[in-house]
Every structure is written in structure tokens, then in C-alpha cells.
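Listing of coords.pdb, PDB, C-alpha atoms, pLDDT in the B column
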```pdb
MODEL        1
ATOM      1  CA  PRO A   1      21.562 -18.254 -11.675  1.00 51.00           C
ATOM      2  CA  ASP A   2      18.281 -20.161 -11.480  1.00 60.00           C
ATOM      3  CA  ARG A   3      17.257 -18.199  -8.421  1.00 62.00           C
ATOM      4  CA  THR A   4      18.091 -14.892 -10.108  1.00 66.00           C
ATOM      5  CA  ALA A   5      16.122 -15.867 -13.207  1.00 61.00           C
ATOM      6  CA  THR A   6      13.144 -16.793 -11.048  1.00 66.00           C
ATOM      7  CA  MET A   7      13.271 -13.408  -9.298  1.00 62.00           C
ATOM      8  CA  TYR A   8      13.358 -11.575 -12.622  1.00 59.00           C
ATOM      9  CA  THR A   9      10.458 -13.673 -13.917  1.00 66.00           C
ATOM     10  CA  ARG A  10       8.360 -12.884 -10.859  1.00 67.00           C
ATOM     11  CA  ALA A  11       9.215  -9.190 -11.072  1.00 62.00           C
ATOM     12  CA  ALA A  12       8.258  -9.109 -14.752  1.00 62.00           C
ATOM     13  CA  ARG A  13       4.951 -10.843 -14.003  1.00 67.00           C
ATOM     14  CA  VAL A  14       4.120  -8.364 -11.222  1.00 60.00           C
ATOM     15  CA  TRP A  15       4.976  -5.411 -13.462  1.00 58.00           C
ATOM     16  CA  LYS A  16       2.860  -6.787 -16.303  1.00 57.00           C
ATOM     17  CA  ASN A  17      -0.156  -7.361 -14.058  1.00 58.00           C
ATOM     18  CA  SER A  18       0.219  -3.894 -12.551  1.00 56.00           C
ATOM     19  CA  ALA A  19       0.389  -2.292 -15.996  1.00 48.00           C
ATOM     20  CA  ILE A  20      -2.709  -4.164 -17.164  1.00 48.00           C
ATOM     21  CA  GLY A  21      -4.584  -3.168 -14.026  1.00 50.00           C
ATOM     22  CA  PHE A  22      -3.568   0.464 -14.439  1.00 42.00           C
ATOM     23  CA  ARG A  23      -4.727   0.564 -18.048  1.00 48.00           C
ATOM     24  CA  ARG A  24      -8.061  -0.985 -17.123  1.00 46.00           C
ATOM     25  CA  ALA A  25      -8.586   1.420 -14.252  1.00 42.00           C
ATOM     26  CA  PHE A  26      -7.616   4.387 -16.388  1.00 42.00           C
ATOM     27  CA  SER A  27      -9.907   3.400 -19.243  1.00 45.00           C
ATOM     28  CA  ASP A  28     -12.815   2.723 -16.871  1.00 44.00           C
ATOM     29  CA  GLU A  29     -12.313   6.101 -15.238  1.00 41.00           C
ATOM     30  CA  TYR A  30     -12.287   8.148 -18.403  1.00 40.00           C
ATOM     31  CA  LYS A  31     -14.293   6.140 -20.880  1.00 45.00           C
ATOM     32  CA  ARG A  32     -17.367   7.783 -22.333  1.00 46.00           C
ATOM     33  CA  ARG A  33     -20.488   6.473 -20.677  1.00 51.00           C
ATOM     34  CA  SER A  34     -23.593   5.743 -22.636  1.00 73.00           C
ATOM     35  CA  THR A  35     -27.098   7.166 -22.533  1.00 88.00           C
ATOM     36  CA  THR A  36     -30.667   5.900 -22.691  1.00 95.00           C
ATOM     37  CA  ILE A  37     -32.682   5.836 -25.908  1.00 96.00           C
ATOM     38  CA  LEU A  38     -36.146   4.251 -25.851  1.00 97.00           C
ATOM     39  CA  CYS A  39     -38.548   3.523 -28.707  1.00 97.00           C
ATOM     40  CA  VAL A  40     -42.150   2.458 -28.035  1.00 97.00           C
ATOM     41  CA  ARG A  41     -44.760   1.550 -30.645  1.00 96.00           C
ATOM     42  CA  LYS A  42     -48.423   1.276 -29.684  1.00 95.00           C
ATOM     43  CA  GLY A  43     -51.529   1.639 -31.807  1.00 91.00           C
ATOM     44  CA  SER A  44     -50.931   4.080 -34.633  1.00 91.00           C
ATOM     45  CA  LYS A  45     -48.090   5.915 -32.878  1.00 94.00           C
ATOM     46  CA  VAL A  46     -44.390   5.293 -32.459  1.00 96.00           C
ATOM     47  CA  VAL A  47     -42.405   7.415 -30.006  1.00 96.00           C
ATOM     48  CA  MET A  48     -38.654   7.742 -29.564  1.00 97.00           C
ATOM     49  CA  ILE A  49     -37.255   9.450 -26.489  1.00 97.00           C
ATOM     50  CA  GLY A  50     -33.677  10.090 -25.393  1.00 96.00           C
ATOM     51  CA  ASP A  51     -31.997  11.861 -22.510  1.00 96.00           C
ATOM     52  CA  GLY A  52     -29.404  14.611 -22.887  1.00 93.00           C
ATOM     53  CA  GLN A  53     -26.565  13.600 -20.569  1.00 93.00           C
ATOM     54  CA  VAL A  54     -23.000  12.886 -21.677  1.00 88.00           C
ATOM     55  CA  SER A  55     -20.688  11.536 -18.966  1.00 85.00           C
ATOM     56  CA  ILE A  56     -16.936  10.986 -19.017  1.00 81.00           C
ATOM     57  CA  GLY A  57     -15.907   8.910 -16.038  1.00 76.00           C
ATOM     58  CA  ASN A  58     -17.602  10.364 -12.968  1.00 80.00           C
ATOM     59  CA  ILE A  59     -18.103  13.775 -14.572  1.00 86.00           C
ATOM     60  CA  ILE A  60     -21.190  15.049 -16.384  1.00 89.00           C
ATOM     61  CA  ALA A  61     -19.633  16.638 -19.454  1.00 88.00           C
ATOM     62  CA  LYS A  62     -22.886  18.053 -20.854  1.00 90.00           C
ATOM     63  CA  PRO A  63     -26.537  17.745 -19.750  1.00 92.00           C
ATOM     64  CA  ASN A  64     -28.443  18.728 -22.898  1.00 92.00           C
ATOM     65  CA  VAL A  65     -27.045  16.869 -25.905  1.00 90.00           C
ATOM     66  CA  THR A  66     -29.497  15.987 -28.690  1.00 91.00           C
ATOM     67  CA  LYS A  67     -29.150  12.273 -29.437  1.00 92.00           C
ATOM     68  CA  LEU A  68     -32.234  11.886 -31.627  1.00 95.00           C
ATOM     69  CA  ARG A  69     -32.393  12.900 -35.257  1.00 93.00           C
ATOM     70  CA  LEU A  70     -35.005  12.871 -38.000  1.00 94.00           C
ATOM     71  CA  VAL A  71     -33.729  11.691 -41.397  1.00 93.00           C
ATOM     72  CA  ASP A  72     -35.233  10.886 -44.793  1.00 92.00           C
ATOM     73  CA  GLU A  73     -37.208  14.155 -44.787  1.00 90.00           C
ATOM     74  CA  GLY A  74     -38.677  13.454 -41.358  1.00 91.00           C
ATOM     75  CA  ARG A  75     -39.978   9.987 -42.175  1.00 92.00           C
ATOM     76  CA  VAL A  76     -37.387   8.100 -40.099  1.00 95.00           C
ATOM     77  CA  MET A  77     -36.401   8.641 -36.464  1.00 96.00           C
ATOM     78  CA  THR A  78     -32.931   7.700 -35.234  1.00 96.00           C
ATOM     79  CA  GLY A  79     -31.363   7.500 -31.794  1.00 95.00           C
ATOM     80  CA  VAL A  80     -27.695   6.825 -31.070  1.00 92.00           C
ATOM     81  CA  ALA A  81     -25.792   5.639 -28.007  1.00 90.00           C
ATOM     82  CA  GLY A  82     -22.019   5.980 -28.285  1.00 84.00           C
ATOM     83  CA  GLY A  83     -19.285   8.397 -29.263  1.00 81.00           C
ATOM     84  CA  THR A  84     -20.297  11.585 -31.063  1.00 80.00           C
ATOM     85  CA  ALA A  85     -17.962  11.201 -34.038  1.00 82.00           C
ATOM     86  CA  ASP A  86     -18.968   7.556 -34.471  1.00 85.00           C
ATOM     87  CA  ALA A  87     -22.642   8.503 -34.315  1.00 85.00           C
ATOM     88  CA  ILE A  88     -22.310  11.214 -36.964  1.00 87.00           C
ATOM     89  CA  ALA A  89     -20.461   8.881 -39.335  1.00 88.00           C
ATOM     90  CA  LEU A  90     -23.070   6.138 -38.909  1.00 90.00           C
ATOM     91  CA  LEU A  91     -25.996   8.498 -39.432  1.00 91.00           C
ATOM     92  CA  GLU A  92     -24.409   9.806 -42.627  1.00 92.00           C
ATOM     93  CA  LEU A  93     -24.012   6.217 -43.814  1.00 92.00           C
ATOM     94  CA  LEU A  94     -27.651   5.478 -42.974  1.00 94.00           C
ATOM     95  CA  GLU A  95     -28.873   8.560 -44.829  1.00 94.00           C
ATOM     96  CA  GLY A  96     -26.931   7.449 -47.879  1.00 94.00           C
ATOM     97  CA  LYS A  97     -28.525   4.007 -47.788  1.00 94.00           C
ATOM     98  CA  LEU A  98     -32.001   5.492 -47.338  1.00 94.00           C
ATOM     99  CA  SER A  99     -31.407   7.600 -50.434  1.00 93.00           C
ATOM    100  CA  GLU A 100     -30.255   4.501 -52.294  1.00 94.00           C
ATOM    101  CA  TYR A 101     -33.259   2.438 -51.141  1.00 94.00           C
ATOM    102  CA  PRO A 102     -36.124   4.938 -50.708  1.00 92.00           C
ATOM    103  CA  GLY A 103     -39.081   3.654 -48.729  1.00 89.00           C
ATOM    104  CA  GLN A 104     -37.234   0.438 -47.778  1.00 93.00           C
ATOM    105  CA  LEU A 105     -36.060   0.978 -44.214  1.00 95.00           C
ATOM    106  CA  LYS A 106     -35.169  -2.645 -43.498  1.00 95.00           C
ATOM    107  CA  ARG A 107     -33.204  -3.027 -46.745  1.00 95.00           C
ATOM    108  CA  ALA A 108     -31.342   0.223 -46.105  1.00 95.00           C
ATOM    109  CA  CYS A 109     -30.473  -0.854 -42.549  1.00 95.00           C
ATOM    110  CA  VAL A 110     -29.264  -4.285 -43.666  1.00 95.00           C
ATOM    111  CA  GLU A 111     -27.021  -2.763 -46.330  1.00 94.00           C
ATOM    112  CA  MET A 112     -25.719  -0.181 -43.870  1.00 93.00           C
ATOM    113  CA  THR A 113     -24.923  -2.835 -41.275  1.00 92.00           C
ATOM    114  CA  LYS A 114     -23.041  -4.865 -43.887  1.00 91.00           C
ATOM    115  CA  ASP A 115     -20.797  -1.890 -44.640  1.00 90.00           C
ATOM    116  CA  TRP A 116     -20.433  -1.132 -40.932  1.00 90.00           C
ATOM    117  CA  ARG A 117     -19.277  -4.662 -40.173  1.00 87.00           C
ATOM    118  CA  LYS A 118     -16.995  -5.085 -43.186  1.00 86.00           C
ATOM    119  CA  ASP A 119     -15.112  -1.786 -42.985  1.00 83.00           C
ATOM    120  CA  LYS A 120     -11.928  -2.242 -40.941  1.00 79.00           C
ATOM    121  CA  TYR A 121     -12.261   1.205 -39.368  1.00 81.00           C
ATOM    122  CA  MET A 122     -16.023   1.462 -38.944  1.00 82.00           C
ATOM    123  CA  ARG A 123     -16.331  -1.912 -37.235  1.00 76.00           C
ATOM    124  CA  ARG A 124     -14.390  -0.406 -34.328  1.00 80.00           C
ATOM    125  CA  TYR A 125     -17.076   2.211 -33.767  1.00 82.00           C
ATOM    126  CA  GLU A 126     -18.514   1.997 -30.277  1.00 78.00           C
ATOM    127  CA  ALA A 127     -22.132   2.851 -30.969  1.00 86.00           C
ATOM    128  CA  GLN A 128     -25.610   1.392 -31.316  1.00 90.00           C
ATOM    129  CA  LEU A 129     -28.565   2.773 -33.246  1.00 93.00           C
ATOM    130  CA  VAL A 130     -32.324   2.583 -32.902  1.00 96.00           C
ATOM    131  CA  VAL A 131     -34.155   3.377 -36.142  1.00 96.00           C
ATOM    132  CA  ALA A 132     -37.913   3.652 -36.643  1.00 96.00           C
ATOM    133  CA  ASP A 133     -40.408   4.777 -39.247  1.00 94.00           C
ATOM    134  CA  SER A 134     -44.202   4.629 -39.169  1.00 91.00           C
ATOM    135  CA  LYS A 135     -44.244   0.836 -39.654  1.00 91.00           C
ATOM    136  CA  LEU A 136     -40.963  -0.642 -38.420  1.00 94.00           C
ATOM    137  CA  SER A 137     -38.524  -0.353 -35.499  1.00 96.00           C
ATOM    138  CA  LEU A 138     -34.976  -1.757 -35.679  1.00 96.00           C
ATOM    139  CA  LEU A 139     -31.865  -1.982 -33.508  1.00 96.00           C
ATOM    140  CA  LEU A 140     -28.515  -1.870 -35.347  1.00 93.00           C
ATOM    141  CA  THR A 141     -25.072  -2.846 -34.047  1.00 89.00           C
ATOM    142  CA  GLY A 142     -21.561  -3.130 -35.435  1.00 85.00           C
ATOM    143  CA  GLN A 143     -21.666  -6.916 -35.001  1.00 84.00           C
ATOM    144  CA  GLY A 144     -24.073  -7.175 -37.920  1.00 85.00           C
ATOM    145  CA  ASP A 145     -27.289  -7.239 -35.885  1.00 90.00           C
ATOM    146  CA  VAL A 146     -30.504  -5.869 -37.371  1.00 94.00           C
ATOM    147  CA  LEU A 147     -33.088  -6.699 -34.721  1.00 94.00           C
ATOM    148  CA  GLU A 148     -36.835  -6.109 -34.758  1.00 95.00           C
ATOM    149  CA  PRO A 149     -38.526  -6.194 -31.326  1.00 95.00           C
ATOM    150  CA  HIS A 150     -41.125  -8.838 -30.515  1.00 93.00           C
ATOM    151  CA  ASP A 151     -43.031  -6.507 -28.188  1.00 94.00           C
ATOM    152  CA  ASN A 152     -42.697  -3.145 -30.009  1.00 95.00           C
ATOM    153  CA  ILE A 153     -40.173  -1.858 -27.439  1.00 97.00           C
ATOM    154  CA  LEU A 154     -36.499  -1.111 -28.089  1.00 96.00           C
ATOM    155  CA  ALA A 155     -33.872   0.586 -25.946  1.00 96.00           C
ATOM    156  CA  ILE A 156     -30.109   1.120 -25.997  1.00 94.00           C
ATOM    157  CA  GLY A 157     -27.595   2.647 -23.630  1.00 92.00           C
ATOM    158  CA  SER A 158     -26.668   2.336 -19.984  1.00 91.00           C
ATOM    159  CA  GLY A 159     -30.246   2.747 -18.743  1.00 93.00           C
ATOM    160  CA  SER A 160     -31.848   0.614 -21.442  1.00 94.00           C
ATOM    161  CA  GLN A 161     -32.777  -2.340 -19.236  1.00 95.00           C
ATOM    162  CA  TYR A 162     -34.573  -0.119 -16.733  1.00 97.00           C
ATOM    163  CA  ALA A 163     -36.463   1.644 -19.530  1.00 97.00           C
ATOM    164  CA  ILE A 164     -37.448  -1.636 -21.207  1.00 97.00           C
ATOM    165  CA  ALA A 165     -38.667  -3.145 -17.931  1.00 97.00           C
ATOM    166  CA  ALA A 166     -40.797  -0.096 -17.148  1.00 97.00           C
ATOM    167  CA  ALA A 167     -42.213   0.090 -20.678  1.00 97.00           C
ATOM    168  CA  ARG A 168     -43.133  -3.599 -20.694  1.00 97.00           C
ATOM    169  CA  ALA A 169     -44.979  -3.160 -17.411  1.00 96.00           C
ATOM    170  CA  LEU A 170     -47.125  -0.425 -18.985  1.00 96.00           C
ATOM    171  CA  ILE A 171     -47.541  -1.538 -22.597  1.00 95.00           C
ATOM    172  CA  ASP A 172     -50.678  -3.662 -22.015  1.00 94.00           C
ATOM    173  CA  ARG A 173     -52.589  -0.994 -20.117  1.00 94.00           C
ATOM    174  CA  GLU A 174     -55.414   0.328 -22.271  1.00 92.00           C
ATOM    175  CA  ASP A 175     -55.324   3.796 -20.707  1.00 93.00           C
ATOM    176  CA  THR A 176     -51.700   4.504 -21.694  1.00 94.00           C
ATOM    177  CA  SER A 177     -50.435   5.766 -25.033  1.00 95.00           C
ATOM    178  CA  ALA A 178     -46.995   5.265 -26.555  1.00 96.00           C
ATOM    179  CA  LEU A 179     -46.109   8.781 -25.435  1.00 96.00           C
ATOM    180  CA  ASP A 180     -47.234   8.176 -21.839  1.00 96.00           C
ATOM    181  CA  ILE A 181     -45.311   4.905 -21.667  1.00 97.00           C
ATOM    182  CA  SER A 182     -42.160   6.505 -23.061  1.00 97.00           C
ATOM    183  CA  LYS A 183     -42.221   9.416 -20.623  1.00 97.00           C
ATOM    184  CA  THR A 184     -42.837   7.210 -17.591  1.00 97.00           C
ATOM    185  CA  ALA A 185     -40.242   4.606 -18.561  1.00 97.00           C
ATOM    186  CA  MET A 186     -37.594   7.245 -19.237  1.00 97.00           C
ATOM    187  CA  ARG A 187     -38.315   8.952 -15.927  1.00 97.00           C
ATOM    188  CA  ILE A 188     -37.821   5.644 -14.109  1.00 97.00           C
ATOM    189  CA  ALA A 189     -34.594   4.940 -16.009  1.00 97.00           C
ATOM    190  CA  ALA A 190     -33.264   8.417 -15.192  1.00 96.00           C
ATOM    191  CA  ASP A 191     -34.096   7.917 -11.509  1.00 97.00           C
ATOM    192  CA  ILE A 192     -32.036   4.702 -11.431  1.00 95.00           C
ATOM    193  CA  CYS A 193     -29.198   5.170 -13.946  1.00 94.00           C
ATOM    194  CA  VAL A 194     -26.589   7.778 -12.969  1.00 92.00           C
ATOM    195  CA  PHE A 195     -25.596   8.213 -16.631  1.00 93.00           C
ATOM    196  CA  THR A 196     -29.134   9.255 -17.663  1.00 94.00           C
ATOM    197  CA  ASN A 197     -30.880  12.528 -16.834  1.00 95.00           C
ATOM    198  CA  HIS A 198     -34.400  13.960 -17.083  1.00 96.00           C
ATOM    199  CA  ASN A 199     -33.639  16.457 -19.849  1.00 95.00           C
ATOM    200  CA  VAL A 200     -35.205  14.519 -22.713  1.00 95.00           C
ATOM    201  CA  ILE A 201     -36.024  14.973 -26.379  1.00 95.00           C
ATOM    202  CA  ILE A 202     -39.114  13.326 -27.883  1.00 96.00           C
ATOM    203  CA  HIS A 203     -39.961  12.422 -31.481  1.00 96.00           C
ATOM    204  CA  GLU A 204     -43.283  10.920 -32.531  1.00 95.00           C
ATOM    205  CA  LEU A 205     -44.549   9.505 -35.820  1.00 93.00           C
ATOM    206  CA  ASP A 206     -48.086   8.484 -36.671  1.00 87.00           C
ATOM    207  CA  ASN A 207     -49.252   5.793 -39.070  1.00 71.00           C
ATOM    208  CA  ILE A 208     -48.760   7.988 -42.133  1.00 55.00           C
ATOM    209  CA  GLY A 209     -45.213   8.861 -41.132  1.00 43.00           C
ATOM    210  CA  ASP A 210     -45.644  12.576 -40.438  1.00 45.00           C
ATOM    211  CA  PRO A 211     -43.479  13.907 -37.605  1.00 47.00           C
ATOM    212  CA  SER A 212     -45.360  15.297 -34.647  1.00 44.00           C
ATOM    213  CA  SER A 213     -44.817  15.676 -30.939  1.00 42.00           C
ATOM    214  CA  PRO A 214     -46.812  16.137 -27.736  1.00 42.00           C
ATOM    215  CA  ASN A 215     -47.579  19.749 -28.678  1.00 39.00           C
ATOM    216  CA  ASP A 216     -47.739  19.344 -32.486  1.00 39.00           C
ATOM    217  CA  LYS A 217     -44.101  20.253 -33.102  1.00 40.00           C
ATOM    218  CA  GLY A 218     -41.428  18.011 -34.574  1.00 39.00           C
ATOM    219  CA  HIS A 219     -39.574  17.632 -31.284  1.00 39.00           C
ATOM    220  CA  GLN A 220     -38.908  19.502 -28.087  1.00 37.00           C
ATOM    221  CA  SER A 221     -37.355  19.254 -24.671  1.00 36.00           C
ATOM    222  CA  LEU A 222     -39.738  17.794 -22.107  1.00 37.00           C
ATOM    223  CA  LEU A 223     -38.040  19.925 -19.471  1.00 37.00           C
ATOM    224  CA  ALA A 224     -38.787  23.079 -21.462  1.00 32.00           C
ATOM    225  CA  LYS A 225     -42.393  21.983 -21.915  1.00 36.00           C
ATOM    226  CA  GLN A 226     -42.845  21.535 -18.181  1.00 33.00           C
ATOM    227  CA  GLU A 227     -41.360  24.950 -17.488  1.00 31.00           C
ATOM    228  CA  ASN A 228     -43.654  26.627 -20.025  1.00 30.00           C
ATOM    229  CA  SER A 229     -46.829  24.879 -18.903  1.00 28.00           C
TER     230      SER A 229
ENDMDL
END
```
Could you spell out this file's structure in C-alpha cells?
Amino acid sequence: PDRTATMYTRAARVWKNSAIGFRRAFSDEYKRRSTTILCVRKGSKVVMIGDGQVSIGNIIAKPNVTKLRLVDEGRVMTGVAGGTADAIALLELLEGKLSEYPGQLKRACVEMTKDWRKDKYMRRYEAQLVVADSKLSLLLTGQGDVLEPHDNILAIGSGSQYAIAAARALIDREDTSALDISKTAMRIAADICVFTNHNVIIHELDNIGDPSSPNDKGHQSLLAKQENS
């Protein structure tokens, strides 16, 4: 009897470990991969740039998704890394807080993050946000983080570390603008990270908070600009 019980125990342990391994492999294969969103502030300009790729497992599901959004009548730029439904819900929450606290970006973000963390459903959202206006850049997470960068550079997503490293290498050069740094850093990140592509969207704000872009439009695809030039 003891020997039989031992055999059953071993069989149960093997089955359990196999099931756990299968679930992990399955989730890794089909989980939604992230993106790269970069925000650079230099001089009187702040630029946010994001790629357009959405990957599920080893498949590129879509190459031209818009992950940046202007809110608060164009005075605030937002970039999201994570699931689409989660991102939409969080942006709606942020817009509500900005309406409740007009002109107070940090206060609105703190209040939003409180709700995000406390809500039993929202705290499961797998997303991160970068938010910026003409004076302030912030990174928001579901763990209650509201982080302001020490070097005026923020990035989220799978290629964020590559983008941050490239931007930091360029930020002190006097002959580079925030736009130049953002383009170069994103190009380097896209060359390295397989979940980031070169089809990017750019938003830019100046010191009075008016939206502009490299060709005096609110935003555009860098790929389209290159093709039209």
C-alpha cells in the first residue's frame, strides 16, 4: 500500500508540473507583447513618439496602430503600452480626472492612479501610461506609481530600455533637439526590439502647450512623411 501511494503521489506531482509548464508555455506563446513609447523633453519642446506594431506571440497582428492620443483639448499627450481595452478604459478615466482638476496634471494623475489601484477590476489591467503636458512628464502604473523623470526622458514597453539608453546618449548634445533625439532613439529601439517597428506617430508640445509636429500638424506618421518628402 505504501508503495502504491508513493507511485500515485509521484504521478500526481509529474502531472501537476506538466500542467503548470503547459500553461506557462501557452500564455507566453499567445500573450500580447508590448510596444515602445518614448517621451523626451528638451528646451521648450516635449516630444512623444510611439511605434505602431501589435504582436501576439510570434505574429505581428497589426503594424500601424495609433498608441498616442491628445487629451484635454490637445494640451496633454498620452502614450499607452498594454491591452487595447485596458488602454481605452484608463484614458477615459484620465480624461475624467483632467476635467475634474483642470490645469493640474499631477493632481489628476495621482487621483487617477488611486482609483486604478483601489478598483478590484482595474488593478488587474496590464498597461502603463506616459503622460505629458508643456511643463511635466509622468509615468503611471497600476501599482500606484506616479513617477517624474530625473533626466526628462521616459519610456515604456518592450523596447523602452533601448530607447532610454539611446536618448540619454544624445540628450546633452547641443546640436540635437527633442524631436531629433526621439526619432533617433526610436529608430535604434526598433532595430533591436522585435516587438517594435519603424512606423511611428509623433506628438510635440511647446512651452505654451499648443500641439504641433515636425511639419506643423498635430501628429503624423513618420513613415508617411518620408514617403512624401
Exercise. In Å, rounded to a single decimal, give me how far atom CA of A:Gly142 is from atom CA of A:Glu126.
Key: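 Taking atom CA of A:Glu126 as the start and atom CA of A:Gly142 as the end point, the length is 7.9 Å.
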Practice problem: Name the residues captured by the PyMOL selection byres ((chain A and resi 193) around 10) when it is applied to the shown file; answer as a PyMOL selection string. | Solution: chain A and resi 35-36+158-163+188-192+194-197
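For the pair atom CA of A:Arg75 and atom CA of A:Met122, the interatomic distance is 25.6 Å.
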Name the residues in contact with A:Thr113 at a cut-off of 6 Å, using all atoms listed in the file, excluding same-chain residues fewer than 3 positions from it; report them as a PDB file with C-alpha atoms, keeping the file's coordinate frame.
```
ATOM      1  CA  VAL A 110     -29.264  -4.285 -43.666  1.00 95.00           C
ATOM      2  CA  TRP A 116     -20.433  -1.132 -40.932  1.00 90.00           C
ATOM      3  CA  GLY A 144     -24.073  -7.175 -37.920  1.00 85.00           C
TER       4      GLY A 144
END
```
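The list of residues with at least one atom within 8 Å of A:Met112, based on all atoms listed in the file and without residues fewer than 4 positions apart in the same chain, reads A:Leu93, A:Leu94, A:Lys97, A:Ala108, A:Trp116.
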Those same residues, written as a PDB file, in the frame of the given file with C-alpha atoms?
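Done, and the output landed in result_39.pdb:
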```
ATOM      1  CA  LEU A  93     -24.012   6.217 -43.814  1.00 92.00           C
ATOM      2  CA  LEU A  94     -27.651   5.478 -42.974  1.00 94.00           C
ATOM      3  CA  LYS A  97     -28.525   4.007 -47.788  1.00 94.00           C
ATOM      4  CA  ALA A 108     -31.342   0.223 -46.105  1.00 95.00           C
ATOM      5  CA  TRP A 116     -20.433  -1.132 -40.932  1.00 90.00           C
TER       6      TRP A 116
END
```
Exercise. To one decimal in Å, tell me the separation between atom CA of A:Ile201 and atom CA of A:Ser44.
Key: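 Atom CA of A:Ser44 lies 20.2 Å from atom CA of A:Ile201.
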Please write as a PDB file with C-alpha atoms, keeping the file's coordinate frame the full residue list that the PyMOL selection byres ((chain A and resi 148-156) around 9) yields on this file.
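result.pdb was written with the following content:
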```pdb
ATOM      1  CA  SER A  34     -23.593   5.743 -22.636  1.00 73.00           C
ATOM      2  CA  THR A  35     -27.098   7.166 -22.533  1.00 88.00           C
ATOM      3  CA  THR A  36     -30.667   5.900 -22.691  1.00 95.00           C
ATOM      4  CA  ILE A  37     -32.682   5.836 -25.908  1.00 96.00           C
ATOM      5  CA  LEU A  38     -36.146   4.251 -25.851  1.00 97.00           C
ATOM      6  CA  CYS A  39     -38.548   3.523 -28.707  1.00 97.00           C
ATOM      7  CA  VAL A  40     -42.150   2.458 -28.035  1.00 97.00           C
ATOM      8  CA  ARG A  41     -44.760   1.550 -30.645  1.00 96.00           C
ATOM      9  CA  LYS A  42     -48.423   1.276 -29.684  1.00 95.00           C
ATOM     10  CA  VAL A  46     -44.390   5.293 -32.459  1.00 96.00           C
ATOM     11  CA  GLY A  79     -31.363   7.500 -31.794  1.00 95.00           C
ATOM     12  CA  VAL A  80     -27.695   6.825 -31.070  1.00 92.00           C
ATOM     13  CA  ALA A  81     -25.792   5.639 -28.007  1.00 90.00           C
ATOM     14  CA  GLN A 128     -25.610   1.392 -31.316  1.00 90.00           C
ATOM     15  CA  LEU A 129     -28.565   2.773 -33.246  1.00 93.00           C
ATOM     16  CA  VAL A 130     -32.324   2.583 -32.902  1.00 96.00           C
ATOM     17  CA  LEU A 136     -40.963  -0.642 -38.420  1.00 94.00           C
ATOM     18  CA  SER A 137     -38.524  -0.353 -35.499  1.00 96.00           C
ATOM     19  CA  LEU A 138     -34.976  -1.757 -35.679  1.00 96.00           C
ATOM     20  CA  LEU A 139     -31.865  -1.982 -33.508  1.00 96.00           C
ATOM     21  CA  VAL A 146     -30.504  -5.869 -37.371  1.00 94.00           C
ATOM     22  CA  LEU A 147     -33.088  -6.699 -34.721  1.00 94.00           C
ATOM     23  CA  GLY A 157     -27.595   2.647 -23.630  1.00 92.00           C
ATOM     24  CA  SER A 158     -26.668   2.336 -19.984  1.00 91.00           C
ATOM     25  CA  GLY A 159     -30.246   2.747 -18.743  1.00 93.00           C
ATOM     26  CA  SER A 160     -31.848   0.614 -21.442  1.00 94.00           C
ATOM     27  CA  GLN A 161     -32.777  -2.340 -19.236  1.00 95.00           C
ATOM     28  CA  ALA A 163     -36.463   1.644 -19.530  1.00 97.00           C
ATOM     29  CA  ILE A 164     -37.448  -1.636 -21.207  1.00 97.00           C
ATOM     30  CA  ALA A 167     -42.213   0.090 -20.678  1.00 97.00           C
ATOM     31  CA  ARG A 168     -43.133  -3.599 -20.694  1.00 97.00           C
ATOM     32  CA  ILE A 171     -47.541  -1.538 -22.597  1.00 95.00           C
TER      33      ILE A 171
END
```
Practice problem: Taking the file as shown, find all residues satisfying the PyMOL selection byres ((chain A and resi 55) around 9) and write them as a PyMOL selection string. | Solution: chain A and resi 31-35+53-54+56-63+195-196
Exercise. Skip A:Val47 itself and residues of its chain fewer than 5 positions away, then list as a list in words all residues within 8 Å of it, counting all atoms listed in the file.
Key: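 In the requested form, the answer reads Cys39, Val40, Arg41, Ala178, Leu179, Ser182, Ile202, His203, Glu204 and Leu205 of chain A.
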Write out the residues from the selection above, keeping C-alpha atoms, as a compact mmCIF listing (two decimals), keeping the file's coordinate frame.
```
# COMPACT_ATOMS: atom_id res chain seq x y z
CA CYS A 39 -38.55 3.52 -28.71
CA VAL A 40 -42.15 2.46 -28.04
CA ARG A 41 -44.76 1.55 -30.64
CA ALA A 178 -47.00 5.26 -26.56
CA LEU A 179 -46.11 8.78 -25.44
CA SER A 182 -42.16 6.50 -23.06
CA ILE A 202 -39.11 13.33 -27.88
CA HIS A 203 -39.96 12.42 -31.48
CA GLU A 204 -43.28 10.92 -32.53
CA LEU A 205 -44.55 9.51 -35.82
```
I'd like the box whose edges run along x, y and z of the file and which contains every listed atom of stretch 75-87 of chain A, padded by 3 Å per side; could you state its centre and edge lengths in Å, one decimal, as lines of an AutoDock Vina configuration file?
```
center_x = -29.0
center_y = 8.6
center_z = -35.1
size_x = 28.0
size_y = 11.9
size_z = 20.2
```
Within 10 Å of stretch 99-103 of chain A, which residues of stretch 108-226 of chain A come that close, and what is the closest atom pair and distance in Å for each? Count only C-alpha atoms and give it as CSV.
```
residue,atom,partner,partner_atom,distance
A:Ala108,CA,A:Tyr101,CA,5.8
A:Cys109,CA,A:Tyr101,CA,9.6
A:Glu111,CA,A:Tyr101,CA,9.4
A:Asp133,CA,A:Gly103,CA,9.6
```
Quiz item: Nearest to A:Ala127 among A:Thr184, A:Asp72, A:Thr176, A:Lys67, with distances taken over only C-alpha atoms: which residue is it?
Solution: A:Lys67
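Counting all atoms listed in the file and comparing A:Ala185, A:Leu140, A:Val200, A:Leu70, the residue that lies closest to A:Leu90 is A:Leu140.
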